[in-house]
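Participant: Sharing a structure below in structure tokens format, with a few things to ask.
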Amino acid sequence: MNIYESIIQGLNEAVDYEKGNIKAKVVTLSVAPLPDIESSDIKNIRQSLDMTQVIFAAVMGVSVKTVEAWESGTNTPSGTARRMLSLLKSDPQIPEKYNLLSR
């Protein structure tokens, strides 16, 4: 199917939908809740990745002071950082897979 045929098919489907001849597809998604992350978890994640606080901060996109505060329990990570930490915990290869590190 070329681009013209694809556009025509899409327009025909839109007209059929508007006329009630076809139903729209419905997809239900659920998003996993943000995990609770303890200061010891953060340090364990960083150490399991064999990273210094400086490298870990760069990968996370935060300052070294932020990583220090997380690990000491002074501050807690935000939602985005908590999601990234949980991803790093479940897949330690993320930094290499997405070229966040160059060795």
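Residue numbering restarts at 1 for every chain of the structure tokens, chains are lettered A, B, ... in their displayed order, and ligands are numbered from 1 as they appear.
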Once you count only C-alpha atoms, what closest atom pair and distance in Å to one decimal does each residue of range 8-49 of chain A within 12 Å of range 77-82 of chain A have, with rows by chain and rising residue number, as a tab-separated table?

Facilitator:
```
residue	atom	partner	partner_atom	distance
A:Pro33	CA	A:Gly79	CA	10.0
A:Leu34	CA	A:Arg82	CA	6.7
A:Pro35	CA	A:Arg82	CA	6.7
A:Asp36	CA	A:Arg82	CA	7.6
A:Ile37	CA	A:Arg82	CA	6.7
A:Glu38	CA	A:Pro77	CA	9.3
A:Ser39	CA	A:Pro77	CA	9.3
A:Asp41	CA	A:Arg82	CA	10.7
A:Ile42	CA	A:Pro77	CA	9.3
A:Ile45	CA	A:Arg82	CA	11.7
```

Participant: Might you pull out every residue within 7 Å of Val64 in chain A, with only C-alpha atoms counted and same-chain residues fewer than 4 positions away left off, and present them as a list in words?

Facilitator: Gln53, Val54, Ala57 and Glu68 of chain A

Participant: When distances are computed from only C-alpha atoms, which of A:Ile3, A:Asn75, A:Leu101, A:Thr66 shows the smallest separation from Met51 in chain A?

Facilitator: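 Closest to Met51 in chain A, using only C-alpha atoms: A:Leu101.
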
Participant: Interatomic distance between CA of Pro95 in chain A and CA of Ser30 in chain A?

Facilitator: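 Atom-to-atom, CA of Pro95 in chain A and CA of Ser30 in chain A are spaced 25.7 Å apart.
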
Participant: Would you please work out which residue, of A:Gly20, A:Ser40, A:Leu29, A:Thr52, is nearest to Glu71 in chain A when using only C-alpha atoms?

Facilitator: A:Ser40

Participant: Please return as a PyMOL selection string: the residues of chain A that backbone DSSP assigns to alpha helix (DSSP H).

Facilitator: chain A and resi 3-18+39-48+53-60+64-72+79-90+94-97

Participant: Residues of range 22-99 of chain A that approach range 10-14 of chain A to 12 Å or less, counting only C-alpha atoms: could you list each one with the shortest pair of atoms and its distance in Å to one decimal, rows by chain and increasing residue number, as a Markdown table?

Facilitator:
```
| residue | atom | partner | partner_atom | distance |
| --- | --- | --- | --- | --- |
| A:Ile22 | CA | A:Glu13 | CA | 7.8 |
| A:Lys23 | CA | A:Glu13 | CA | 9.9 |
| A:Ala24 | CA | A:Ala14 | CA | 9.6 |
| A:Lys25 | CA | A:Glu13 | CA | 11.9 |
```

Participant: Which of these, A:Ser102, A:Val26, A:Asp91, A:Lys43, has the shortest distance to Ala69 in chain A once you count only C-alpha atoms?

Facilitator: A:Lys43
